[in-house]
$ cat protein-v1.csv   # CSV, C-alpha atoms
chain,number,residue,atom,x,y,z
I,1445,MET,CA,-22.1,3.8,8.3
I,1446,ASN,CA,-21.5,0.1,8.5
I,1447,ALA,CA,-20.7,-1.1,12.0
I,1448,PHE,CA,-17.6,-2.9,10.7
I,1449,LEU,CA,-16.1,0.4,9.4
I,1450,CYS,CA,-17.0,2.3,12.6
I,1451,ASN,CA,-15.5,-0.3,14.9
I,1452,GLN,CA,-12.5,-1.4,12.9
I,1453,MET,CA,-11.1,1.6,11.1
I,1454,LYS,CA,-8.7,4.0,12.8
I,1455,LYS,CA,-6.7,6.9,11.6
I,1456,VAL,CA,-3.1,6.1,10.7
I,1457,GLU,CA,-0.7,7.6,13.3
I,1458,ILE,CA,2.9,7.4,14.3
I,1459,ASN,CA,2.0,5.0,17.1
I,1460,ASP,CA,0.9,2.4,14.5
I,1461,ARG,CA,4.5,2.2,13.0
I,1462,GLN,CA,5.5,-1.1,14.6
I,1463,GLU,CA,2.3,-3.0,13.8
I,1464,LEU,CA,2.3,-1.6,10.2
I,1465,LYS,CA,6.0,-2.5,9.9
I,1466,ASP,CA,5.3,-6.1,11.0
I,1467,TYR,CA,2.6,-6.5,8.4
I,1468,LEU,CA,4.5,-4.8,5.7
I,1469,SER,CA,7.4,-7.2,6.3
I,1470,GLU,CA,5.1,-10.0,5.3
I,1471,SER,CA,4.6,-8.5,1.8
I,1472,ASN,CA,7.1,-7.8,-1.0
I,1473,TYR,CA,5.6,-4.7,-2.6
I,1474,SER,CA,8.1,-2.3,-4.0
I,1475,SER,CA,5.8,0.7,-4.6
I,1476,CYS,CA,6.3,3.8,-2.6
I,1477,GLU,CA,2.7,3.5,-1.3
I,1478,TYR,CA,3.9,0.6,0.8
I,1479,SER,CA,6.7,2.6,2.5
I,1480,LEU,CA,6.1,2.9,6.2
I,1481,ALA,CA,7.4,6.4,6.2
I,1482,ASN,CA,5.1,7.5,3.4
I,1483,LEU,CA,2.0,5.9,5.1
I,1484,ILE,CA,2.7,7.8,8.3
I,1485,ILE,CA,3.9,11.1,6.8
I,1486,TRP,CA,1.0,11.4,4.3
I,1487,ALA,CA,-1.7,10.1,6.6
I,1488,ASP,CA,-3.1,13.5,7.5
I,1489,VAL,CA,-3.0,14.8,3.9
I,1490,PHE,CA,-4.8,11.8,2.5
I,1491,ASN,CA,-7.0,11.4,5.6
I,1492,THR,CA,-5.8,7.8,5.9
I,1493,TYR,CA,-7.4,5.0,7.8
I,1494,CYS,CA,-6.4,1.5,8.4
I,1495,PHE,CA,-8.0,-1.7,9.6
I,1496,ILE,CA,-7.1,-5.4,9.9
I,1497,PHE,CA,-9.3,-8.0,8.2
I,1498,ASN,CA,-8.4,-11.7,7.8
I,1499,ARG,CA,-4.8,-11.0,8.8
I,1500,HIS,CA,-4.4,-8.3,6.2
I,1501,VAL,CA,-4.0,-4.6,6.6
I,1502,TYR,CA,-6.3,-2.4,4.6
I,1503,ILE,CA,-5.4,1.2,4.1
I,1504,TYR,CA,-8.1,3.6,3.0
I,1505,PHE,CA,-7.2,7.0,1.5
I,1506,SER,CA,-10.5,8.9,2.1
I,1507,LEU,CA,-9.2,12.0,0.2
I,1508,VAL,CA,-9.2,10.0,-3.0
I,1509,ASP,CA,-11.7,7.3,-2.0
I,1510,GLU,CA,-9.3,4.4,-2.7
I,1511,LEU,CA,-8.2,1.3,-0.8
I,1512,LEU,CA,-4.6,0.3,-1.1
I,1513,PHE,CA,-4.2,-3.3,-2.1
I,1514,PRO,CA,-3.9,-5.1,1.2
I,1515,PHE,CA,-0.7,-6.4,2.8
I,1516,GLY,CA,0.0,-8.9,5.5
I,1517,LYS,CA,0.0,-12.6,6.2
I,1518,GLY,CA,-1.2,-15.2,3.8
I,1519,GLU,CA,-2.9,-15.1,0.4
I,1520,ILE,CA,-5.4,-12.4,-0.5
I,1521,THR,CA,-8.3,-13.9,-2.3
I,1522,PRO,CA,-10.7,-12.2,-4.7
I,1523,GLU,CA,-13.6,-13.2,-2.3
I,1524,GLU,CA,-12.0,-11.2,0.5
I,1525,LEU,CA,-11.4,-8.1,-1.7
I,1526,HIS,CA,-15.0,-8.4,-2.9
I,1527,GLU,CA,-16.3,-8.5,0.6
I,1528,VAL,CA,-14.3,-5.4,1.7
I,1529,SER,CA,-15.2,-3.6,-1.5
I,1530,GLN,CA,-18.9,-4.3,-0.9
I,1531,ILE,CA,-18.7,-2.9,2.6
I,1532,PHE,CA,-17.3,0.3,1.3
I,1533,VAL,CA,-19.8,0.5,-1.6
I,1534,SER,CA,-22.7,0.0,0.8
I,1535,ASN,CA,-21.4,3.1,2.7
I,1536,GLY,CA,-21.3,5.3,-0.4
I,1537,CYS,CA,-17.6,4.8,-1.2
I,1538,ALA,CA,-16.1,3.6,-4.5
I,1539,GLY,CA,-14.8,0.4,-3.1
I,1540,ARG,CA,-11.9,0.3,-5.6
I,1541,PHE,CA,-8.4,-1.0,-4.9
I,1542,ALA,CA,-5.3,0.7,-6.1
I,1543,HIS,CA,-1.8,-0.6,-6.7
I,1544,VAL,CA,-2.8,-4.2,-7.4
I,1545,PRO,CA,0.2,-6.3,-8.2
I,1546,PRO,CA,0.1,-7.3,-11.9
I,1547,ALA,CA,0.8,-10.9,-11.0
I,1548,TRP,CA,-2.2,-11.0,-8.6
I,1549,LYS,CA,-4.5,-9.4,-11.2
I,1550,GLU,CA,-3.4,-11.9,-13.9
I,1551,LYS,CA,-3.8,-14.9,-11.6
I,1552,TYR,CA,-7.4,-13.9,-10.6
I,1553,ALA,CA,-8.5,-12.1,-13.8
I,1554,SER,CA,-11.7,-14.1,-14.1
I,1555,TYR,CA,-12.8,-13.4,-10.6
I,1556,CYS,CA,-12.2,-9.6,-10.5
I,1557,THR,CA,-15.2,-8.3,-12.4
I,1558,PRO,CA,-17.4,-7.3,-9.3
I,1559,PHE,CA,-15.0,-4.6,-8.2
I,1560,GLN,CA,-12.6,-2.1,-9.7
I,1561,LEU,CA,-8.8,-2.7,-9.6
I,1562,ILE,CA,-6.1,-0.2,-10.5
I,1563,GLU,CA,-2.9,-2.1,-11.4
I,1564,MET,CA,0.4,-1.2,-9.7
I,1565,ASP,CA,2.6,0.9,-11.8
I,1566,GLU,CA,5.9,-1.1,-12.0
I,1567,SER,CA,7.9,2.1,-12.7
I,1568,SER,CA,7.0,3.3,-9.2
I,1569,SER,CA,9.4,0.7,-7.7
I,1570,GLU,CA,12.3,2.9,-8.7
I,1571,TYR,CA,11.3,5.3,-5.9
I,1572,VAL,CA,11.9,3.1,-2.9
I,1573,TYR,CA,15.5,2.2,-2.1
I,1574,ARG,CA,17.1,0.1,0.6
I,1575,THR,CA,18.9,2.1,3.2
I,1576,GLU,CA,22.2,0.3,2.6
I,1577,CYS,CA,22.0,1.1,-1.2
I,1578,LEU,CA,21.5,4.8,-0.6
I,1579,ALA,CA,24.2,4.9,2.0
I,1580,GLU,CA,26.8,3.3,-0.2
I,1581,LEU,CA,25.5,4.4,-3.7
I,1582,LYS,CA,27.3,1.4,-5.3
I,1583,GLY,CA,26.6,0.2,-8.9
I,1584,SER,CA,25.6,1.7,-12.2
I,1585,LYS,CA,21.9,2.0,-11.2
I,1586,LEU,CA,22.8,4.7,-8.7
I,1587,SER,CA,25.4,6.5,-10.9
I,1588,LYS,CA,23.0,9.4,-11.6
I,1589,LYS,CA,22.6,10.0,-7.8
I,1590,ARG,CA,26.4,9.9,-7.3
I,1591,ASN,CA,26.8,12.5,-10.1
I,1592,LEU,CA,24.1,14.8,-8.5
I,1593,ILE,CA,25.9,14.6,-5.2
I,1594,SER,CA,29.2,15.4,-6.8
I,1595,GLN,CA,27.7,18.4,-8.6
I,1596,PHE,CA,26.2,19.6,-5.3
I,1597,GLU,CA,29.5,19.3,-3.5
I,1598,ARG,CA,31.3,21.3,-6.2
$ encode --input "protein-v1.csv" --output "structure tokens"
Amino acid sequence: MNAFLCNQMKKVEINDRQELKDYLSESNYSSCEYSLANLIIWADVFNTYCFIFNRHVYIYFSLVDELLFPFGKGEITPEELHEVSQIFVSNGCAGRFAHVPPAWKEKYASYCTPFQLIEMDESSSEYVYRTECLAELKGSKLSKKRNLISQFER
């Protein structure tokens, strides 16, 4: 295995929560895959590893052999993704990125042929809610949730 992977990758654990939280706060991804709780809770199931490269956090789900589109500080370039993808490919992995924001893919469409990108499903953003929104359940968007709670209480 490539020395980079051996030296840099580590299993995602509860002790990583603050560092992951800091890097996640630099990104504005609304997919549930970018939820700190999900990353930690599902880490053992998906055999999840993380590493920091160029001020970006890369998450590798070894169970499904996919890299989560990176998050962190500054712009993520196609050259950086290609470099990381090649490291994984040279170690017998797919080197593909999942949950790529559509705007990023559109911006860099002509540069993305050397590696596989799986676009982020915009409908997944419904799954993650702000704590305040769930606590208060205000607005028409959350009316179904209020109804379900009322049914349960009855």
$ residues_around --input "protein-v1.csv" --residues "region 1450-1467 of chain I" --least-positions-apart "4" --cutoff "10 Å" --atoms "all atoms listed in the file" --output "PyMOL selection string"
chain I and resi 1445-1446+1471+1478-1481+1483-1488+1491-1497+1499-1504+1514-1517
$ closest_residue --input "protein-v1.csv" --among "I:Phe1490, I:Phe1541, I:Trp1548, I:Phe1532" --to "Glu1510 (chain I)" --atoms "all atoms listed in the file"
I:Phe1541
$ closest_residue --input "protein-v1.csv" --among "I:Glu1470, I:Glu1523, I:Glu1477, I:Glu1597" --to "Ser1554 (chain I)" --atoms "all atoms listed in the file"
I:Glu1523
$ atom_distance --input "protein-v1.csv" --atom1 "CA of Val1489 (chain I)" --atom2 "CA of Ser1506 (chain I)"
9.7 Å
$ atom_distance --input "protein-v1.csv" --atom1 "CA of Leu1592 (chain I)" --atom2 "CA of Ala1579 (chain I)"
14.4 Å
$ atom_distance --input "protein-v1.csv" --atom1 "CA of Lys1549 (chain I)" --atom2 "CA of Cys1537 (chain I)"
21.8 Å
$ closest_residue --input "protein-v1.csv" --among "I:Cys1577, I:Leu1468, I:Ala1553, I:Leu1525" --to "Asn1498 (chain I)" --atoms "only C-alpha atoms"
I:Leu1525
$ residues_around --input "protein-v1.csv" --residues "Lys1551 (chain I)" --least-positions-apart "4" --cutoff "12 Å" --atoms "only C-alpha atoms" --output "number ranges by chain"
I: 1520-1522, 1544-1547, 1555-1556
$ closest_residue --input "protein-v1.csv" --among "I:Leu1511, I:Leu1578, I:Ile1593, I:Leu1586" --to "Val1533 (chain I)" --atoms "all atoms listed in the file"
I:Leu1511
$ build_atoms --input "protein-v1.csv" --residues "region 1462-1486 of chain I" --atoms "N, CA and C atoms" --output "compact mmCIF listing (two decimals), in the coordinates of the input"
# COMPACT_ATOMS: atom_id res chain seq x y z
N GLN I 1462 4.99 0.23 14.44
CA GLN I 1462 5.50 -1.10 14.60
C GLN I 1462 4.54 -2.17 14.06
N GLU I 1463 3.27 -2.00 14.31
CA GLU I 1463 2.30 -3.00 13.80
C GLU I 1463 2.28 -2.93 12.25
N LEU I 1464 2.28 -1.73 11.67
CA LEU I 1464 2.30 -1.60 10.20
C LEU I 1464 3.60 -2.23 9.66
N LYS I 1465 4.70 -1.95 10.32
CA LYS I 1465 6.00 -2.50 9.90
C LYS I 1465 5.98 -4.02 9.89
N ASP I 1466 5.41 -4.61 10.93
CA ASP I 1466 5.30 -6.10 11.00
C ASP I 1466 4.51 -6.64 9.85
N TYR I 1467 3.38 -6.03 9.54
CA TYR I 1467 2.60 -6.50 8.40
C TYR I 1467 3.21 -6.25 7.09
N LEU I 1468 3.85 -5.09 6.94
CA LEU I 1468 4.50 -4.80 5.70
C LEU I 1468 5.67 -5.76 5.41
N SER I 1469 6.32 -6.25 6.47
CA SER I 1469 7.40 -7.20 6.30
C SER I 1469 6.94 -8.52 5.72
N GLU I 1470 5.66 -8.80 5.81
CA GLU I 1470 5.10 -10.00 5.30
C GLU I 1470 4.82 -9.93 3.77
N SER I 1471 4.90 -8.72 3.22
CA SER I 1471 4.60 -8.50 1.80
C SER I 1471 5.89 -8.03 1.11
N ASN I 1472 5.90 -8.17 -0.19
CA ASN I 1472 7.10 -7.80 -1.00
C ASN I 1472 6.71 -6.77 -2.03
N TYR I 1473 5.96 -5.75 -1.67
CA TYR I 1473 5.60 -4.70 -2.60
C TYR I 1473 6.61 -3.64 -2.65
N SER I 1474 7.04 -3.26 -3.85
CA SER I 1474 8.10 -2.30 -4.00
C SER I 1474 7.61 -0.87 -4.25
N SER I 1475 6.33 -0.67 -4.37
CA SER I 1475 5.80 0.70 -4.60
C SER I 1475 5.92 1.55 -3.42
N CYS I 1476 6.12 2.84 -3.65
CA CYS I 1476 6.30 3.80 -2.60
C CYS I 1476 5.08 3.87 -1.64
N GLU I 1477 3.93 3.47 -2.14
CA GLU I 1477 2.70 3.50 -1.30
C GLU I 1477 2.83 2.50 -0.15
N TYR I 1478 3.75 1.55 -0.26
CA TYR I 1478 3.90 0.60 0.80
C TYR I 1478 5.15 0.87 1.66
N SER I 1479 5.58 2.10 1.62
CA SER I 1479 6.70 2.60 2.50
C SER I 1479 6.06 3.02 3.81
N LEU I 1480 6.57 2.50 4.90
CA LEU I 1480 6.10 2.90 6.20
C LEU I 1480 6.14 4.37 6.43
N ALA I 1481 7.26 4.97 6.04
CA ALA I 1481 7.40 6.40 6.20
C ALA I 1481 6.34 7.17 5.43
N ASN I 1482 6.09 6.79 4.19
CA ASN I 1482 5.10 7.50 3.40
C ASN I 1482 3.68 7.31 4.00
N LEU I 1483 3.36 6.11 4.46
CA LEU I 1483 2.00 5.90 5.10
C LEU I 1483 1.80 6.81 6.24
N ILE I 1484 2.83 6.99 7.05
CA ILE I 1484 2.70 7.80 8.30
C ILE I 1484 2.75 9.31 7.91
N ILE I 1485 3.72 9.69 7.09
CA ILE I 1485 3.90 11.10 6.80
C ILE I 1485 2.70 11.70 6.04
N TRP I 1486 2.14 10.94 5.11
CA TRP I 1486 1.00 11.40 4.30
C TRP I 1486 -0.35 11.14 4.88
